[in-house]
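To start, the structure itself, in structure tokens.
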Amino acid sequence: MARFLVRRTLSAVALLFAVSVVVFGIFEIIPSYNPARAIAGRNANAATVQEVAHKFGLDKPVYAQYANTMKLIFSGEIIDYQNDLNVVDQFRQRFPATLSLVIPAAILWMLAAIVLGSISALKAGKFADRALMVLAILGVSIPIFLLAAVLLYLLAFKTTIFPNTGYVAIGDSPSQWAYHLILPWFCIAVLSVGFYSRVLRSNLLDMVNQDFVRTARAKGLSQRKVFRRHVLRNSLMPIITMFGLDFATLIGGAALVTEAVFNIPGIGQYEAQAIGNLDVPPILVGAMFTGFFVVLFGAVADIVYALLDPRVRLTG
Amino acid sequence: MAERLLDVTELEVSFQTEDGLVRAVDDVSFTLDRGEVLAIVGESGSGKSVTVMTLMGLTRSPNSRFGGSAKLSDTELTTASEQELQRIRGKEIAMIFQDPISSLSPVHRIGDQIVEQIRAHEKISKPAALDRAVELMERVGIPRARDRVRAYPHEFSGGMRQRAMIAMALSLSPSVLIADEPTTALDVTIQAQILEEVKQLRGGDSGVLFVTHDLGVVADIADRVIVMYGGRVVEQGTLDEIFYDPQHPYTWGLLGSITRMDRDPPKRLPAIPGVPPSLVNPPEGCHFRPRCPHAFERCGEVPPLQGRIPEAPEHLDRCWLDLSEKREKREVNGRIGLVRDTVVA
């Protein structure tokens, strides 16, 4: 276990370094990219741009700029170019909104995927299975901005069942918090439910023909117990790894389309603005933030996997 | 006479597949009494596993059809409801499977898997059931059972896993124990130990149905033998009758393909020529006819399974040849066989 944690920590450091270098490097090779001009403003003359570049250290060599940026990030003093705001503070303030969006959505999609995947497998080849298959493909293939826009149009604009975008902190009013987030939760969940339920369905169908399932039936267990304790229990493993990674990227800000459409002041919304403006510091911090969670939840998924399957040992 | 446990009459099992109707079991009849070991012998695809799994309702599916009857005392197994079957499975009829590696759930502790079976049929607390599991594991020769109930299947060797399966199967003292090739996946020394466990049941309260293709194992443990071929019973009798006075050419072939330690080694191992019949489109008449060197016109008609030896009316077979012809034709190189083998000069 200790060895596992050490190795994962080292790989996290290596990954964050690689991510930061790649993201930083991308901006160096974008032809029209000139942060000094962006900071100086639309009407600045050449002298002002020069002055700004000098002030922000943008006239130094690339590796010096990289080192300086990293220093600012880890000391928490990094400022975005667009709004002059402290990036780390922004992430800190916006994180609760992103968690409010992602955690319940993740619970929703996991539960729905288990229920729908199970129904599909139990009714394999029958109408319910085929209908769920069509829905799953729709869920996976509908762009989230389209789904979000259609839902808002029908349920928040044409009828006023749900509020038309916005966010209320859970501390201010839990009921309003949930009320404002139901549609965004649904949008995020739909995307994953389709995929997860199909994967679970095929795992379940593979598992049903396993010898130990026949043993379970031969013991005289009820069909429900056979399914829950033996078939389902052994089918959940592959999904857990998938879940760890998907959950990590969403927490790291990958829900940016949903946050943008529903006007939720989370990390994704901030990053969407930053990407639109080629604002390097938030993009860089966002990428590293996501990388950190990918490693963290990858490790968590592996630990959960090892707890569920005694044959698995934790090795780096 | 010993108490009758199982009475199977003209059992038929067929499966609808993409290639057509597979008649996996076709007119199979036998009985099993308390305390006896009945071996079912045959090659792969002869219908022996399907026959025994049908007794537990494990072959039920939307594509399977059943005919005839299989009775456990008064319960008709082919038509029993799912609830009745759940009560019978594990309690009245228990089963040990071929591959102990894949037949135990990889994510549950051995002890818990035994407890699960006990608690499926009896109202008993978990600790009490676990104590029973420990006793059972000790009984089948698992050392340090108290510690090892907490082990997972992957921490057991193949032989230990099969012992655990036996402990599980015996946990509710079933009247019928079905062993479906329980030693096939094990090496020979472990095989002997496992057979020893099964032999302990002989003469006891249970009847054992032992499915195998290994005649050496049969000779070791069986009281009576059923030989199956192409979904049908081709011969049935006591161990001695089958080994010393076999009536069906397929049985001769099986016996002839055993190598003997007390004879000169043959140049080639004698084998039965040809391949097992397709069960979708079986040969007309006797299923063994295409591979049988002794076939004649009458074999196009299905021979009934009946006693054809006046002095041994319980010894049944499905072959049209006369008794005297059989006794003459089965002699090959001074022993029982189907085809002439070449002896090393």
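Ordered as shown in the structure tokens, chains take letters A, B, and onward, while each chain numbers its residues from 1 and ligands are numbered from 1 in the order shown.
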
TODO: Show me which bits of chain B are within 9 Å of chain A, counting only C-alpha atoms, as JSON, numbers by chain.
DONE: {"B": [56, 57, 58, 82, 83, 85, 86, 87, 88, 89, 90, 91, 93, 94, 95, 96, 97, 99, 100, 101, 102, 103, 104, 105, 106, 107, 108, 113, 116, 117, 118, 120, 121, 152, 154, 155, 168, 169]}

Task: Contacts of region 124-135 of chain B within 6 Å, only C-alpha atoms, excl. fewer than 4 positions in-chain, as a count of residues only - done: 3

Task: Shell around region 14-30 of chain A at 9 Å using only C-alpha atoms, local window under 2 positions removed, as a ChimeraX atom specification - done: /A:9-12,32-34,62,66,70,278,280,283-285,287-289,291-292,295

How about saving the chosen residues, N, CA and C atoms kept, as a short mmCIF file (atom, residue, chain, number, x, y, z; two decimals), in the first residue's frame?
```
data_model
loop_
_atom_site.label_atom_id
_atom_site.label_comp_id
_atom_site.auth_asym_id
_atom_site.auth_seq_id
_atom_site.Cartn_x
_atom_site.Cartn_y
_atom_site.Cartn_z
N THR A 9 2.18 8.91 -6.37
CA THR A 9 2.55 10.31 -6.15
C THR A 9 3.63 10.72 -7.14
N LEU A 10 4.62 9.86 -7.32
CA LEU A 10 5.68 10.18 -8.29
C LEU A 10 5.10 10.31 -9.69
N SER A 11 4.18 9.41 -10.03
CA SER A 11 3.63 9.50 -11.38
C SER A 11 2.78 10.76 -11.52
N ALA A 12 2.16 11.20 -10.43
CA ALA A 12 1.39 12.45 -10.48
C ALA A 12 2.31 13.62 -10.78
N SER A 32 -0.61 33.51 -33.99
CA SER A 32 -1.11 34.85 -33.69
C SER A 32 -1.08 35.17 -32.20
N TYR A 33 -0.46 34.28 -31.44
CA TYR A 33 -0.53 34.43 -30.00
C TYR A 33 0.45 35.48 -29.49
N ASN A 34 -0.10 36.51 -28.87
CA ASN A 34 0.76 37.55 -28.31
C ASN A 34 0.12 38.07 -27.04
N VAL A 62 11.82 31.20 -23.56
CA VAL A 62 10.65 30.37 -23.21
C VAL A 62 10.83 29.65 -21.88
N TYR A 66 8.54 29.81 -18.62
CA TYR A 66 7.92 28.62 -18.04
C TYR A 66 8.22 28.54 -16.54
N MET A 70 5.53 28.73 -13.47
CA MET A 70 5.38 27.66 -12.48
C MET A 70 5.55 28.21 -11.06
N LEU A 278 -7.53 32.98 -25.25
CA LEU A 278 -6.14 32.51 -25.22
C LEU A 278 -5.43 32.99 -23.96
N VAL A 280 -3.53 32.21 -21.07
CA VAL A 280 -2.74 31.03 -20.70
C VAL A 280 -2.83 30.62 -19.23
N ILE A 283 -5.80 28.44 -18.31
CA ILE A 283 -5.80 27.20 -19.09
C ILE A 283 -4.76 26.23 -18.53
N LEU A 284 -3.60 26.79 -18.21
CA LEU A 284 -2.51 25.97 -17.68
C LEU A 284 -2.88 25.38 -16.32
N VAL A 285 -3.40 26.24 -15.46
CA VAL A 285 -3.80 25.77 -14.13
C VAL A 285 -4.91 24.74 -14.26
N ALA A 287 -5.51 22.69 -16.76
CA ALA A 287 -4.99 21.41 -17.27
C ALA A 287 -4.30 20.64 -16.15
N MET A 288 -3.52 21.37 -15.33
CA MET A 288 -2.81 20.70 -14.24
C MET A 288 -3.79 20.22 -13.17
N PHE A 289 -4.81 21.03 -12.93
CA PHE A 289 -5.85 20.69 -11.97
C PHE A 289 -6.53 19.38 -12.38
N GLY A 291 -5.30 17.12 -14.45
CA GLY A 291 -4.30 16.06 -14.37
C GLY A 291 -4.18 15.52 -12.97
N PHE A 292 -4.20 16.43 -12.00
CA PHE A 292 -4.10 16.01 -10.60
C PHE A 292 -5.26 15.09 -10.23
N VAL A 295 -5.05 11.55 -11.77
CA VAL A 295 -4.16 10.65 -11.03
C VAL A 295 -4.81 10.23 -9.71
#
```

Task: In region 73-221 of chain A, DSSP alpha helix (DSSP H) residues written as a ChimeraX atom specification - done: /A:73-75,87-122,127-141,144-152,174-208,211-218

- [ ] With a distance cut-off of 12 Å and only C-alpha atoms, select the neighbouring residues of Pro293 (chain B), excluding the residue or stretch itself and same-chain residues fewer than 4 positions from it, and output the selection as a PyMOL selection string.
- [x] chain B and resi 249-250+252-253+272-274+288-289+299+329-330+337-340

Taking C-alpha atoms for each residue, export the selection above as a short mmCIF file (atom, residue, chain, number, x, y, z; two decimals), in the first residue's frame.
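And here's selection14.cif as it stands now:
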```
data_model
loop_
_atom_site.label_atom_id
_atom_site.label_comp_id
_atom_site.auth_asym_id
_atom_site.auth_seq_id
_atom_site.Cartn_x
_atom_site.Cartn_y
_atom_site.Cartn_z
CA PRO B 249 -19.99 -52.06 -29.95
CA TYR B 250 -19.49 -48.51 -28.67
CA TRP B 252 -16.27 -52.29 -26.79
CA GLY B 253 -14.61 -49.33 -28.47
CA ILE B 272 -12.90 -45.58 -32.46
CA PRO B 273 -12.83 -44.53 -36.13
CA GLY B 274 -14.97 -41.62 -37.32
CA PHE B 288 -23.42 -45.46 -33.75
CA ARG B 289 -24.08 -47.11 -37.12
CA CYS B 299 -29.28 -50.99 -37.83
CA LYS B 329 -17.13 -60.01 -32.53
CA ARG B 330 -15.93 -58.13 -29.49
CA GLY B 337 -12.21 -54.05 -28.59
CA LEU B 338 -13.91 -52.59 -31.62
CA VAL B 339 -11.10 -52.53 -34.15
CA ARG B 340 -7.93 -54.50 -34.63
#
```

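The residue that comes closest to Val115 (chain A), out of A:Gln176, A:Ser202, A:Ser197, A:Ser192 and on the basis of only C-alpha atoms, is A:Ser197.
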
Open item on the list: Can you pull out the residues contacting region 226-232 of chain B? Cut-off 9 Å, using only C-alpha atoms, and skip same-chain residues under 4 positions away; I want them as JSON, numbers by chain.
Closed with: {"B": [12, 13, 23, 24, 25, 26, 27, 28, 30, 38, 39, 40, 41, 42, 43, 45, 46, 47, 48, 51, 236, 237, 238, 242, 250, 251, 276, 277, 278, 279, 282, 287, 288]}

Can I get the selection written as an mmCIF file, in the first residue's frame, with C-alpha atoms?
```
data_model
loop_
_atom_site.group_PDB
_atom_site.id
_atom_site.type_symbol
_atom_site.label_atom_id
_atom_site.label_comp_id
_atom_site.auth_asym_id
_atom_site.auth_seq_id
_atom_site.Cartn_x
_atom_site.Cartn_y
_atom_site.Cartn_z
ATOM 1 C CA GLU B 12 -35.810 -35.908 -23.953
ATOM 2 C CA VAL B 13 -34.043 -32.557 -24.050
ATOM 3 C CA ARG B 23 -31.653 -33.326 -29.762
ATOM 4 C CA ALA B 24 -29.139 -33.410 -26.925
ATOM 5 C CA VAL B 25 -30.903 -36.091 -24.902
ATOM 6 C CA ASP B 26 -33.081 -38.611 -26.678
ATOM 7 C CA ASP B 27 -35.013 -41.279 -24.802
ATOM 8 C CA VAL B 28 -32.896 -41.637 -21.681
ATOM 9 C CA PHE B 30 -32.471 -44.787 -15.585
ATOM 10 C CA LEU B 38 -24.235 -44.587 -10.795
ATOM 11 C CA ALA B 39 -21.676 -43.593 -13.415
ATOM 12 C CA ILE B 40 -22.715 -42.001 -16.687
ATOM 13 C CA VAL B 41 -20.005 -42.547 -19.295
ATOM 14 C CA GLY B 42 -19.686 -41.108 -22.759
ATOM 15 C CA GLU B 43 -17.606 -38.850 -24.951
ATOM 16 C CA GLY B 45 -21.420 -34.237 -26.696
ATOM 17 C CA SER B 46 -23.010 -37.545 -25.775
ATOM 18 C CA GLY B 47 -25.598 -35.750 -23.643
ATOM 19 C CA LYS B 48 -24.377 -36.840 -20.230
ATOM 20 C CA THR B 51 -28.988 -35.093 -18.708
ATOM 21 C CA GLN B 236 -26.688 -50.008 -18.917
ATOM 22 C CA GLY B 237 -25.637 -52.540 -16.301
ATOM 23 C CA THR B 238 -23.629 -53.258 -13.205
ATOM 24 C CA ILE B 242 -20.246 -53.454 -18.426
ATOM 25 C CA TYR B 250 -19.495 -48.508 -28.672
ATOM 26 C CA THR B 251 -18.753 -49.879 -25.200
ATOM 27 C CA PRO B 276 -19.362 -38.325 -33.013
ATOM 28 C CA PRO B 277 -22.710 -37.812 -34.738
ATOM 29 C CA SER B 278 -24.291 -34.445 -35.345
ATOM 30 C CA LEU B 279 -27.240 -34.045 -33.017
ATOM 31 C CA PRO B 282 -28.368 -37.550 -36.526
ATOM 32 C CA HIS B 287 -26.611 -43.418 -33.836
ATOM 33 C CA PHE B 288 -23.418 -45.457 -33.751
#
```

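Within 10 Å of region 216-219 of chain B, once only C-alpha atoms are used and residues closer than 5 positions along the same chain are dropped, the contacting residues are Val37, Leu38, Ala39, Ile40, Val41, Glu181, Thr183, Gln191, Ala192, Leu195, Phe210, Val211, Arg224, Val225, Leu239, Asp240, Ile242, Phe243, Leu255 and Ile258 of chain B.
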
C-alpha atoms of the current selection, written as a compact mmCIF listing (two decimals), in the first residue's frame:
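File produced: part_27.txt:
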```
# COMPACT_ATOMS: atom_id res chain seq x y z
CA VAL B 37 -22.97 -44.67 -7.23
CA LEU B 38 -24.23 -44.59 -10.80
CA ALA B 39 -21.68 -43.59 -13.41
CA ILE B 40 -22.71 -42.00 -16.69
CA VAL B 41 -20.01 -42.55 -19.29
CA GLU B 181 -16.60 -34.74 -14.28
CA THR B 183 -11.79 -34.85 -11.44
CA GLN B 191 -8.00 -36.98 -8.48
CA ALA B 192 -7.49 -40.07 -6.31
CA LEU B 195 -12.55 -39.91 -5.58
CA PHE B 210 -21.10 -39.57 -11.42
CA VAL B 211 -20.56 -38.20 -14.92
CA ARG B 224 -23.74 -49.38 -11.91
CA VAL B 225 -22.84 -47.82 -15.25
CA LEU B 239 -19.95 -52.41 -13.15
CA ASP B 240 -18.98 -56.05 -13.76
CA ILE B 242 -20.25 -53.45 -18.43
CA PHE B 243 -16.56 -54.27 -17.97
CA LEU B 255 -12.93 -50.44 -23.36
CA ILE B 258 -7.80 -48.18 -22.68
```

- [ ] Report the distance between CA of Arg201 (chain A) and CA of Gly139 (chain A) in Å, rounded to one decimal place.
- [x] 15.7 Å

Task: Atomic distance CA of Phe95 (chain A) - CA of Ile251 (chain A), expressed in Å with one decimal - done: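 So the answer is 8.3 Å.
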
Open item on the list: Just want the 9 Å neighbourhood of Asn203 (chain A), counted on only C-alpha atoms, with same-chain residues fewer than 2 positions away dropped. Output as a count of residues only.
Closed with: 14

Considering only strand (DSSP E) as DSSP defines it on the backbone, what residues of region 24-273 of chain B qualify? List them as a PDB file with N, CA and C atoms, in the first residue's frame.
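Produced file states_9.pdb, reproduced below:
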```pdb
ATOM      1  N   ALA B  24     -30.290 -33.118 -27.772  1.00  0.00           N
ATOM      2  CA  ALA B  24     -29.139 -33.410 -26.925  1.00  0.00           C
ATOM      3  C   ALA B  24     -29.352 -34.680 -26.112  1.00  0.00           C
ATOM      4  N   VAL B  25     -30.587 -34.882 -25.668  1.00  0.00           N
ATOM      5  CA  VAL B  25     -30.903 -36.091 -24.902  1.00  0.00           C
ATOM      6  C   VAL B  25     -32.139 -36.707 -25.537  1.00  0.00           C
ATOM      7  N   ASP B  26     -32.056 -37.986 -25.863  1.00  0.00           N
ATOM      8  CA  ASP B  26     -33.081 -38.611 -26.678  1.00  0.00           C
ATOM      9  C   ASP B  26     -33.420 -39.966 -26.057  1.00  0.00           C
ATOM     10  N   ASP B  27     -34.549 -40.024 -25.371  1.00  0.00           N
ATOM     11  CA  ASP B  27     -35.013 -41.279 -24.802  1.00  0.00           C
ATOM     12  C   ASP B  27     -34.014 -41.882 -23.802  1.00  0.00           C
ATOM     13  N   VAL B  28     -33.808 -41.149 -22.713  1.00  0.00           N
ATOM     14  CA  VAL B  28     -32.896 -41.637 -21.681  1.00  0.00           C
ATOM     15  C   VAL B  28     -33.704 -42.066 -20.463  1.00  0.00           C
ATOM     16  N   SER B  29     -33.477 -43.289 -20.004  1.00  0.00           N
ATOM     17  CA  SER B  29     -34.167 -43.785 -18.816  1.00  0.00           C
ATOM     18  C   SER B  29     -33.157 -44.403 -17.863  1.00  0.00           C
ATOM     19  N   PHE B  30     -33.275 -44.101 -16.596  1.00  0.00           N
ATOM     20  CA  PHE B  30     -32.471 -44.787 -15.585  1.00  0.00           C
ATOM     21  C   PHE B  30     -33.053 -44.503 -14.210  1.00  0.00           C
ATOM     22  N   THR B  31     -32.564 -45.222 -13.232  1.00  0.00           N
ATOM     23  CA  THR B  31     -33.001 -44.974 -11.862  1.00  0.00           C
ATOM     24  C   THR B  31     -31.773 -44.842 -10.977  1.00  0.00           C
ATOM     25  N   LEU B  32     -31.963 -44.198  -9.843  1.00  0.00           N
ATOM     26  CA  LEU B  32     -30.871 -44.082  -8.879  1.00  0.00           C
ATOM     27  C   LEU B  32     -31.421 -44.404  -7.495  1.00  0.00           C
ATOM     28  N   ASP B  33     -30.761 -45.323  -6.797  1.00  0.00           N
ATOM     29  CA  ASP B  33     -31.207 -45.709  -5.456  1.00  0.00           C
ATOM     30  C   ASP B  33     -30.314 -45.080  -4.399  1.00  0.00           C
ATOM     31  N   VAL B  37     -23.649 -45.602  -6.333  1.00  0.00           N
ATOM     32  CA  VAL B  37     -22.967 -44.673  -7.225  1.00  0.00           C
ATOM     33  C   VAL B  37     -23.233 -45.127  -8.652  1.00  0.00           C
ATOM     34  N   LEU B  38     -23.920 -44.272  -9.412  1.00  0.00           N
ATOM     35  CA  LEU B  38     -24.235 -44.587 -10.795  1.00  0.00           C
ATOM     36  C   LEU B  38     -23.357 -43.720 -11.694  1.00  0.00           C
ATOM     37  N   ALA B  39     -22.543 -44.363 -12.530  1.00  0.00           N
ATOM     38  CA  ALA B  39     -21.676 -43.593 -13.415  1.00  0.00           C
ATOM     39  C   ALA B  39     -22.338 -43.432 -14.771  1.00  0.00           C
ATOM     40  N   ILE B  40     -22.252 -42.226 -15.323  1.00  0.00           N
ATOM     41  CA  ILE B  40     -22.715 -42.001 -16.687  1.00  0.00           C
ATOM     42  C   ILE B  40     -21.474 -41.740 -17.528  1.00  0.00           C
ATOM     43  N   VAL B  41     -21.227 -42.620 -18.508  1.00  0.00           N
ATOM     44  CA  VAL B  41     -20.005 -42.547 -19.295  1.00  0.00           C
ATOM     45  C   VAL B  41     -20.352 -42.181 -20.726  1.00  0.00           C
ATOM     46  N   SER B  64     -35.090 -24.254 -24.911  1.00  0.00           N
ATOM     47  CA  SER B  64     -35.020 -25.684 -24.628  1.00  0.00           C
ATOM     48  C   SER B  64     -36.416 -26.295 -24.504  1.00  0.00           C
ATOM     49  N   ARG B  65     -36.518 -27.554 -24.924  1.00  0.00           N
ATOM     50  CA  ARG B  65     -37.783 -28.295 -24.827  1.00  0.00           C
ATOM     51  C   ARG B  65     -37.502 -29.597 -24.100  1.00  0.00           C
ATOM     52  N   PHE B  66     -38.478 -30.013 -23.272  1.00  0.00           N
ATOM     53  CA  PHE B  66     -38.278 -31.244 -22.513  1.00  0.00           C
ATOM     54  C   PHE B  66     -39.401 -32.229 -22.801  1.00  0.00           C
ATOM     55  N   GLY B  67     -39.052 -33.523 -22.757  1.00  0.00           N
ATOM     56  CA  GLY B  67     -40.068 -34.549 -22.914  1.00  0.00           C
ATOM     57  C   GLY B  67     -39.783 -35.663 -21.927  1.00  0.00           C
ATOM     58  N   GLY B  68     -40.740 -36.574 -21.780  1.00  0.00           N
ATOM     59  CA  GLY B  68     -40.540 -37.676 -20.846  1.00  0.00           C
ATOM     60  C   GLY B  68     -40.642 -37.196 -19.419  1.00  0.00           C
ATOM     61  N   SER B  69     -40.011 -37.928 -18.507  1.00  0.00           N
ATOM     62  CA  SER B  69     -40.202 -37.596 -17.110  1.00  0.00           C
ATOM     63  C   SER B  69     -38.926 -37.839 -16.319  1.00  0.00           C
ATOM     64  N   ALA B  70     -38.708 -36.993 -15.316  1.00  0.00           N
ATOM     65  CA  ALA B  70     -37.598 -37.196 -14.388  1.00  0.00           C
ATOM     66  C   ALA B  70     -38.155 -36.921 -13.009  1.00  0.00           C
ATOM     67  N   LYS B  71     -38.270 -37.949 -12.204  1.00  0.00           N
ATOM     68  CA  LYS B  71     -38.925 -37.784 -10.907  1.00  0.00           C
ATOM     69  C   LYS B  71     -37.952 -37.922  -9.756  1.00  0.00           C
ATOM     70  N   LEU B  72     -38.021 -36.977  -8.825  1.00  0.00           N
ATOM     71  CA  LEU B  72     -37.309 -37.071  -7.567  1.00  0.00           C
ATOM     72  C   LEU B  72     -38.378 -37.403  -6.542  1.00  0.00           C
ATOM     73  N   THR B  75     -41.735 -35.587  -7.009  1.00  0.00           N
ATOM     74  CA  THR B  75     -41.700 -34.321  -7.731  1.00  0.00           C
ATOM     75  C   THR B  75     -41.227 -34.527  -9.165  1.00  0.00           C
ATOM     76  N   GLU B  76     -42.024 -34.040 -10.104  1.00  0.00           N
ATOM     77  CA  GLU B  76     -41.624 -34.113 -11.509  1.00  0.00           C
ATOM     78  C   GLU B  76     -40.684 -32.928 -11.790  1.00  0.00           C
ATOM     79  N   ILE B  93     -30.979 -32.072  -4.331  1.00  0.00           N
ATOM     80  CA  ILE B  93     -29.997 -32.477  -5.329  1.00  0.00           C
ATOM     81  C   ILE B  93     -28.886 -31.431  -5.315  1.00  0.00           C
ATOM     82  N   ALA B  94     -27.667 -31.868  -5.089  1.00  0.00           N
ATOM     83  CA  ALA B  94     -26.560 -30.915  -5.118  1.00  0.00           C
ATOM     84  C   ALA B  94     -25.588 -31.350  -6.199  1.00  0.00           C
ATOM     85  N   MET B  95     -24.779 -30.409  -6.647  1.00  0.00           N
ATOM     86  CA  MET B  95     -23.947 -30.710  -7.800  1.00  0.00           C
ATOM     87  C   MET B  95     -22.520 -30.208  -7.609  1.00  0.00           C
ATOM     88  N   ILE B  96     -21.576 -31.031  -8.073  1.00  0.00           N
ATOM     89  CA  ILE B  96     -20.170 -30.631  -8.112  1.00  0.00           C
ATOM     90  C   ILE B  96     -19.808 -30.511  -9.582  1.00  0.00           C
ATOM     91  N   VAL B 176     -29.499 -36.639  -3.437  1.00  0.00           N
ATOM     92  CA  VAL B 176     -28.806 -36.957  -4.682  1.00  0.00           C
ATOM     93  C   VAL B 176     -27.616 -36.015  -4.848  1.00  0.00           C
ATOM     94  N   LEU B 177     -26.441 -36.592  -5.072  1.00  0.00           N
ATOM     95  CA  LEU B 177     -25.268 -35.770  -5.366  1.00  0.00           C
ATOM     96  C   LEU B 177     -24.875 -36.023  -6.813  1.00  0.00           C
ATOM     97  N   ILE B 178     -24.826 -34.948  -7.593  1.00  0.00           N
ATOM     98  CA  ILE B 178     -24.410 -35.092  -8.988  1.00  0.00           C
ATOM     99  C   ILE B 178     -22.984 -34.577  -9.107  1.00  0.00           C
ATOM    100  N   ALA B 179     -22.106 -35.407  -9.633  1.00  0.00           N
ATOM    101  CA  ALA B 179     -20.725 -34.986  -9.838  1.00  0.00           C
ATOM    102  C   ALA B 179     -20.463 -34.993 -11.335  1.00  0.00           C
ATOM    103  N   ASP B 180     -20.330 -33.806 -11.917  1.00  0.00           N
ATOM    104  CA  ASP B 180     -20.158 -33.698 -13.364  1.00  0.00           C
ATOM    105  C   ASP B 180     -18.672 -33.575 -13.686  1.00  0.00           C
ATOM    106  N   GLY B 207     -27.509 -40.851  -2.943  1.00  0.00           N
ATOM    107  CA  GLY B 207     -27.185 -41.547  -4.176  1.00  0.00           C
ATOM    108  C   GLY B 207     -26.306 -40.615  -4.986  1.00  0.00           C
ATOM    109  N   VAL B 208     -25.339 -41.194  -5.686  1.00  0.00           N
ATOM    110  CA  VAL B 208     -24.416 -40.346  -6.433  1.00  0.00           C
ATOM    111  C   VAL B 208     -24.534 -40.626  -7.921  1.00  0.00           C
ATOM    112  N   LEU B 209     -24.694 -39.551  -8.696  1.00  0.00           N
ATOM    113  CA  LEU B 209     -24.647 -39.661 -10.154  1.00  0.00           C
ATOM    114  C   LEU B 209     -23.295 -39.114 -10.572  1.00  0.00           C
ATOM    115  N   PHE B 210     -22.460 -39.979 -11.132  1.00  0.00           N
ATOM    116  CA  PHE B 210     -21.097 -39.567 -11.420  1.00  0.00           C
ATOM    117  C   PHE B 210     -20.887 -39.534 -12.931  1.00  0.00           C
ATOM    118  N   VAL B 211     -20.727 -38.341 -13.481  1.00  0.00           N
ATOM    119  CA  VAL B 211     -20.561 -38.196 -14.923  1.00  0.00           C
ATOM    120  C   VAL B 211     -19.080 -38.154 -15.247  1.00  0.00           C
ATOM    121  N   THR B 212     -18.646 -38.963 -16.200  1.00  0.00           N
ATOM    122  CA  THR B 212     -17.223 -38.959 -16.531  1.00  0.00           C
ATOM    123  C   THR B 212     -17.004 -39.561 -17.908  1.00  0.00           C
ATOM    124  N   ARG B 224     -23.102 -49.100 -10.616  1.00  0.00           N
ATOM    125  CA  ARG B 224     -23.735 -49.377 -11.908  1.00  0.00           C
ATOM    126  C   ARG B 224     -23.247 -48.343 -12.904  1.00  0.00           C
ATOM    127  N   VAL B 225     -23.370 -48.685 -14.205  1.00  0.00           N
ATOM    128  CA  VAL B 225     -22.841 -47.816 -15.252  1.00  0.00           C
ATOM    129  C   VAL B 225     -23.881 -47.618 -16.353  1.00  0.00           C
ATOM    130  N   ILE B 226     -23.962 -46.374 -16.835  1.00  0.00           N
ATOM    131  CA  ILE B 226     -24.769 -46.079 -18.020  1.00  0.00           C
ATOM    132  C   ILE B 226     -23.795 -45.604 -19.080  1.00  0.00           C
ATOM    133  N   VAL B 227     -23.862 -46.169 -20.288  1.00  0.00           N
ATOM    134  CA  VAL B 227     -23.016 -45.678 -21.377  1.00  0.00           C
ATOM    135  C   VAL B 227     -23.901 -44.879 -22.311  1.00  0.00           C
ATOM    136  N   MET B 228     -23.519 -43.621 -22.566  1.00  0.00           N
ATOM    137  CA  MET B 228     -24.320 -42.781 -23.454  1.00  0.00           C
ATOM    138  C   MET B 228     -23.575 -42.524 -24.752  1.00  0.00           C
ATOM    139  N   TYR B 229     -24.344 -42.459 -25.836  1.00  0.00           N
ATOM    140  CA  TYR B 229     -23.754 -42.119 -27.124  1.00  0.00           C
ATOM    141  C   TYR B 229     -24.785 -41.344 -27.949  1.00  0.00           C
ATOM    142  N   ARG B 232     -28.261 -40.820 -26.518  1.00  0.00           N
ATOM    143  CA  ARG B 232     -29.039 -41.975 -26.067  1.00  0.00           C
ATOM    144  C   ARG B 232     -28.219 -42.845 -25.118  1.00  0.00           C
ATOM    145  N   VAL B 233     -28.942 -43.599 -24.269  1.00  0.00           N
ATOM    146  CA  VAL B 233     -28.270 -44.621 -23.481  1.00  0.00           C
ATOM    147  C   VAL B 233     -28.092 -45.820 -24.404  1.00  0.00           C
ATOM    148  N   VAL B 234     -26.841 -46.278 -24.603  1.00  0.00           N
ATOM    149  CA  VAL B 234     -26.653 -47.439 -25.472  1.00  0.00           C
ATOM    150  C   VAL B 234     -26.472 -48.717 -24.671  1.00  0.00           C
ATOM    151  N   GLU B 235     -26.050 -48.567 -23.407  1.00  0.00           N
ATOM    152  CA  GLU B 235     -25.901 -49.767 -22.594  1.00  0.00           C
ATOM    153  C   GLU B 235     -25.988 -49.383 -21.123  1.00  0.00           C
ATOM    154  N   GLN B 236     -26.522 -50.283 -20.340  1.00  0.00           N
ATOM    155  CA  GLN B 236     -26.688 -50.008 -18.917  1.00  0.00           C
ATOM    156  C   GLN B 236     -26.560 -51.316 -18.151  1.00  0.00           C
ATOM    157  N   GLY B 237     -25.777 -51.309 -17.075  1.00  0.00           N
ATOM    158  CA  GLY B 237     -25.637 -52.540 -16.301  1.00  0.00           C
ATOM    159  C   GLY B 237     -24.792 -52.306 -15.067  1.00  0.00           C
ATOM    160  N   THR B 238     -24.508 -53.393 -14.354  1.00  0.00           N
ATOM    161  CA  THR B 238     -23.629 -53.258 -13.205  1.00  0.00           C
ATOM    162  C   THR B 238     -22.204 -53.063 -13.694  1.00  0.00           C
TER     163      THR B 238
END
```

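In this model, the gap between CA of Arg4 (chain B) and CA of Thr54 (chain B) comes to 18.6 Å.
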